[in-house]
Amino acid sequence: MLALALALGLALGAKPALAHAELQRAEPAPGSTAPPGLAAIVLELNEPLAPGSAVTLYREAFSVVADVETRVEGVVMTAALREALPAGNYTVEWMAVGLDGHTVQGSYQFAVKAPDQASRPRAILPWLAAAGGALAIGLALARYWRRSNSAR
């Protein structure tokens with residue numbers, strides 16, 4: 001009887017352990033290199049988040065990237081960027097507020113790759129096309145002039 005009362009007392013007096021939100025997945029991933037044109041950072045945690053959760057993004061030398069809007073939906077926190085990030089190294093600092101009110105925070109780094117030379121529009125191509133056209137017109141005029149002078 002005493003053992004049963006002791007077990008019952010321990011079971012009723014025990015408080016449930018409160019777990020805190022943990023980062024499960026991030027895009028771009030910690031330590032990764034993102035392709036040019038990155039427009040959002042997506043963090044997925046292991047439990048639903050409450051308002052007040054936020055992402056701050058830093059450039060090199062820890063200058064804050066402006067115009068980053070944090071959206072929270074369930075277990076996902078998205079940092080929408082107004083403009084695509086230029087090539088460089090970045091630090092993500094996040095703070096997650098759980099439904100129980102507890103906050104957890106963390107940070108990680110990633111890089112954005114510079115655009116490939118082949119994929120960039122070349123400013124010289126229109127000039128080359130114009131020069132080729134001018135050369136073709138010049139050759140045609142020279143041929144015409146030569147024919148008209150040789151017929152005299």
# chains A, B, ... in the order shown; residues from 1 in each chain; ligands from 1
>>> residues_around(residues="range 72-82 of chain A", least_positions_apart="5", cutoff="7 Å", atoms="only C-alpha atoms", output="number ranges by chain")
A: 39-49, 55, 67
>>> closest_residue(among="A:Ala134, A:Val68, A:His102, A:Thr91", to="Ala29 in chain A", atoms="only C-alpha atoms")
A:Thr91
>>> residues_around(residues="range 106-113 of chain A", least_positions_apart="5", cutoff="8 Å", atoms="only C-alpha atoms", output="list in words")
Pro28, Ala29, Pro30, Gly31, Ser32, Thr33, Ala34, Pro35, Pro36, Leu38, Leu85, Pro86, Ala87, Gly88, Asn89, Tyr90, Thr91, Val92, Glu93, Trp94 and Met95 of chain A
>>> write_last_selection(atoms="C-alpha atoms", output="PDB file, in the first residue's frame")
ATOM      1  CA  PRO A  28      20.443  28.242 -47.193  1.00  0.00           C
ATOM      2  CA  ALA A  29      22.054  25.733 -44.867  1.00  0.00           C
ATOM      3  CA  PRO A  30      24.714  26.720 -42.334  1.00  0.00           C
ATOM      4  CA  GLY A  31      28.124  26.892 -43.989  1.00  0.00           C
ATOM      5  CA  SER A  32      26.693  26.571 -47.503  1.00  0.00           C
ATOM      6  CA  THR A  33      27.100  28.759 -50.579  1.00  0.00           C
ATOM      7  CA  ALA A  34      23.809  29.944 -52.049  1.00  0.00           C
ATOM      8  CA  PRO A  35      23.394  30.677 -55.753  1.00  0.00           C
ATOM      9  CA  PRO A  36      23.066  34.282 -56.936  1.00  0.00           C
ATOM     10  CA  LEU A  38      18.738  34.500 -53.137  1.00  0.00           C
ATOM     11  CA  LEU A  85      21.648  39.547 -51.923  1.00  0.00           C
ATOM     12  CA  PRO A  86      24.891  40.443 -53.668  1.00  0.00           C
ATOM     13  CA  ALA A  87      27.808  38.033 -53.532  1.00  0.00           C
ATOM     14  CA  GLY A  88      29.486  37.855 -50.129  1.00  0.00           C
ATOM     15  CA  ASN A  89      29.399  36.317 -46.664  1.00  0.00           C
ATOM     16  CA  TYR A  90      26.374  36.663 -44.384  1.00  0.00           C
ATOM     17  CA  THR A  91      25.356  35.850 -40.811  1.00  0.00           C
ATOM     18  CA  VAL A  92      21.795  34.829 -39.919  1.00  0.00           C
ATOM     19  CA  GLU A  93      20.748  35.574 -36.352  1.00  0.00           C
ATOM     20  CA  TRP A  94      17.369  34.138 -35.362  1.00  0.00           C
ATOM     21  CA  MET A  95      15.168  34.262 -32.303  1.00  0.00           C
TER      22      MET A  95
END
>>> closest_residue(among="A:Tyr58, A:Ser53, A:Gln24, A:Asn149", to="Thr103 in chain A", atoms="only C-alpha atoms")
A:Ser53
>>> select_by_dssp(residues="range 24-141 of chain A", states="strand (DSSP E)", output="PyMOL selection string")
chain A and resi 24-27+33-34+40-45+54-58+68-73+76-81+88-97+103-112
>>> write_last_selection(atoms="N, CA and C atoms", output="compact mmCIF listing (two decimals), in the first residue's frame")
# COMPACT_ATOMS: atom_id res chain seq x y z
N GLN A 24 15.63 22.79 -37.05
CA GLN A 24 15.69 21.49 -37.71
C GLN A 24 16.32 21.59 -39.11
N ARG A 25 16.00 22.69 -39.81
CA ARG A 25 16.46 22.84 -41.20
C ARG A 25 16.56 24.32 -41.51
N ALA A 26 17.53 24.68 -42.33
CA ALA A 26 17.69 26.06 -42.77
C ALA A 26 18.05 26.08 -44.25
N GLU A 27 17.50 27.05 -44.95
CA GLU A 27 17.81 27.22 -46.38
C GLU A 27 18.08 28.68 -46.64
N THR A 33 27.00 27.65 -49.64
CA THR A 33 27.10 28.76 -50.58
C THR A 33 25.85 28.75 -51.43
N ALA A 34 25.07 29.83 -51.31
CA ALA A 34 23.81 29.94 -52.05
C ALA A 34 24.08 30.50 -53.45
N ALA A 40 15.10 34.72 -50.15
CA ALA A 40 14.51 34.44 -48.83
C ALA A 40 15.39 33.46 -48.06
N ILE A 41 15.28 33.55 -46.75
CA ILE A 41 15.94 32.60 -45.85
C ILE A 41 14.82 31.89 -45.12
N VAL A 42 14.83 30.57 -45.13
CA VAL A 42 13.76 29.78 -44.52
C VAL A 42 14.33 28.93 -43.39
N LEU A 43 13.76 29.08 -42.21
CA LEU A 43 14.17 28.30 -41.04
C LEU A 43 12.99 27.46 -40.59
N GLU A 44 13.23 26.19 -40.36
CA GLU A 44 12.19 25.28 -39.88
C GLU A 44 12.60 24.78 -38.51
N LEU A 45 11.69 24.95 -37.54
CA LEU A 45 11.96 24.51 -36.18
C LEU A 45 11.12 23.29 -35.85
N ALA A 54 11.90 36.26 -34.88
CA ALA A 54 12.50 37.18 -35.85
C ALA A 54 13.82 36.68 -36.39
N VAL A 55 14.14 37.17 -37.58
CA VAL A 55 15.43 36.89 -38.22
C VAL A 55 16.09 38.23 -38.52
N THR A 56 17.37 38.34 -38.17
CA THR A 56 18.17 39.50 -38.54
C THR A 56 19.31 38.98 -39.39
N LEU A 57 19.59 39.69 -40.48
CA LEU A 57 20.63 39.27 -41.41
C LEU A 57 21.73 40.33 -41.43
N TYR A 58 22.98 39.86 -41.35
CA TYR A 58 24.14 40.76 -41.33
C TYR A 58 25.03 40.47 -42.52
N VAL A 68 14.40 43.39 -44.32
CA VAL A 68 14.18 41.96 -44.17
C VAL A 68 12.90 41.80 -43.36
N GLU A 69 11.91 41.13 -43.94
CA GLU A 69 10.61 40.94 -43.27
C GLU A 69 10.48 39.49 -42.80
N THR A 70 10.28 39.30 -41.51
CA THR A 70 10.13 37.96 -40.95
C THR A 70 8.66 37.57 -40.93
N ARG A 71 8.36 36.40 -41.48
CA ARG A 71 7.00 35.84 -41.44
C ARG A 71 7.06 34.51 -40.70
N VAL A 72 6.06 34.28 -39.86
CA VAL A 72 5.99 33.04 -39.09
C VAL A 72 4.72 32.32 -39.47
N GLU A 73 4.86 31.04 -39.81
CA GLU A 73 3.71 30.21 -40.14
C GLU A 73 3.97 28.80 -39.62
N VAL A 76 7.58 27.19 -39.39
CA VAL A 76 8.47 27.81 -40.38
C VAL A 76 8.56 29.31 -40.16
N MET A 77 9.79 29.81 -40.16
CA MET A 77 10.05 31.24 -40.06
C MET A 77 10.79 31.63 -41.35
N THR A 78 10.24 32.58 -42.09
CA THR A 78 10.83 33.01 -43.36
C THR A 78 11.26 34.45 -43.27
N ALA A 79 12.48 34.72 -43.70
CA ALA A 79 12.99 36.09 -43.79
C ALA A 79 12.97 36.46 -45.27
N ALA A 80 11.97 37.25 -45.66
CA ALA A 80 11.84 37.66 -47.06
C ALA A 80 12.72 38.87 -47.30
N LEU A 81 13.50 38.81 -48.37
CA LEU A 81 14.42 39.89 -48.71
C LEU A 81 13.80 40.76 -49.80
N GLY A 88 28.79 37.54 -51.37
CA GLY A 88 29.49 37.86 -50.13
C GLY A 88 29.15 36.87 -49.04
N ASN A 89 29.63 37.16 -47.84
CA ASN A 89 29.40 36.32 -46.66
C ASN A 89 28.36 36.98 -45.77
N TYR A 90 27.47 36.16 -45.19
CA TYR A 90 26.37 36.66 -44.38
C TYR A 90 26.24 35.86 -43.10
N THR A 91 25.67 36.51 -42.07
CA THR A 91 25.36 35.85 -40.81
C THR A 91 23.86 35.98 -40.55
N VAL A 92 23.21 34.86 -40.28
CA VAL A 92 21.79 34.83 -39.92
C VAL A 92 21.73 34.74 -38.40
N GLU A 93 20.99 35.64 -37.79
CA GLU A 93 20.75 35.57 -36.35
C GLU A 93 19.24 35.44 -36.18
N TRP A 94 18.80 34.38 -35.51
CA TRP A 94 17.37 34.14 -35.36
C TRP A 94 16.99 34.03 -33.89
N MET A 95 15.74 34.40 -33.64
CA MET A 95 15.17 34.26 -32.30
C MET A 95 13.78 33.66 -32.48
N ALA A 96 13.55 32.52 -31.88
CA ALA A 96 12.26 31.83 -31.99
C ALA A 96 11.53 31.91 -30.65
N VAL A 97 10.28 32.33 -30.72
CA VAL A 97 9.43 32.37 -29.53
C VAL A 97 8.47 31.19 -29.63
N THR A 103 11.94 31.74 -25.32
CA THR A 103 12.68 32.11 -26.53
C THR A 103 13.96 31.31 -26.63
N VAL A 104 14.32 31.01 -27.86
CA VAL A 104 15.56 30.31 -28.17
C VAL A 104 16.18 31.10 -29.31
N GLN A 105 17.47 31.21 -29.31
CA GLN A 105 18.11 31.93 -30.39
C GLN A 105 19.35 31.21 -30.87
N GLY A 106 19.77 31.58 -32.06
CA GLY A 106 20.97 30.98 -32.64
C GLY A 106 21.44 31.81 -33.81
N SER A 107 22.55 31.41 -34.38
CA SER A 107 23.08 32.10 -35.55
C SER A 107 23.92 31.12 -36.36
N TYR A 108 24.11 31.47 -37.63
CA TYR A 108 24.98 30.70 -38.50
C TYR A 108 25.39 31.56 -39.69
N GLN A 109 26.40 31.10 -40.41
CA GLN A 109 26.90 31.83 -41.56
C GLN A 109 26.65 31.05 -42.85
N PHE A 110 26.55 31.80 -43.94
CA PHE A 110 26.49 31.23 -45.28
C PHE A 110 27.06 32.26 -46.24
N ALA A 111 27.26 31.88 -47.47
CA ALA A 111 27.79 32.80 -48.49
C ALA A 111 26.85 32.82 -49.68
N VAL A 112 26.93 33.88 -50.46
CA VAL A 112 26.21 33.98 -51.73
C VAL A 112 27.26 34.02 -52.82
>>> atom_distance(atom1="CA of Ala84 in chain A", atom2="CA of Ala61 in chain A")
18.9 Å
>>> select_by_dssp(residues="range 10-67 of chain A", states="alpha helix (DSSP H)", output="list in words")
Leu10, Ala11, Leu12 and Gly13 of chain A
>>> atom_distance(atom1="CA of Asp116 in chain A", atom2="CA of Gly37 in chain A")
11.9 Å
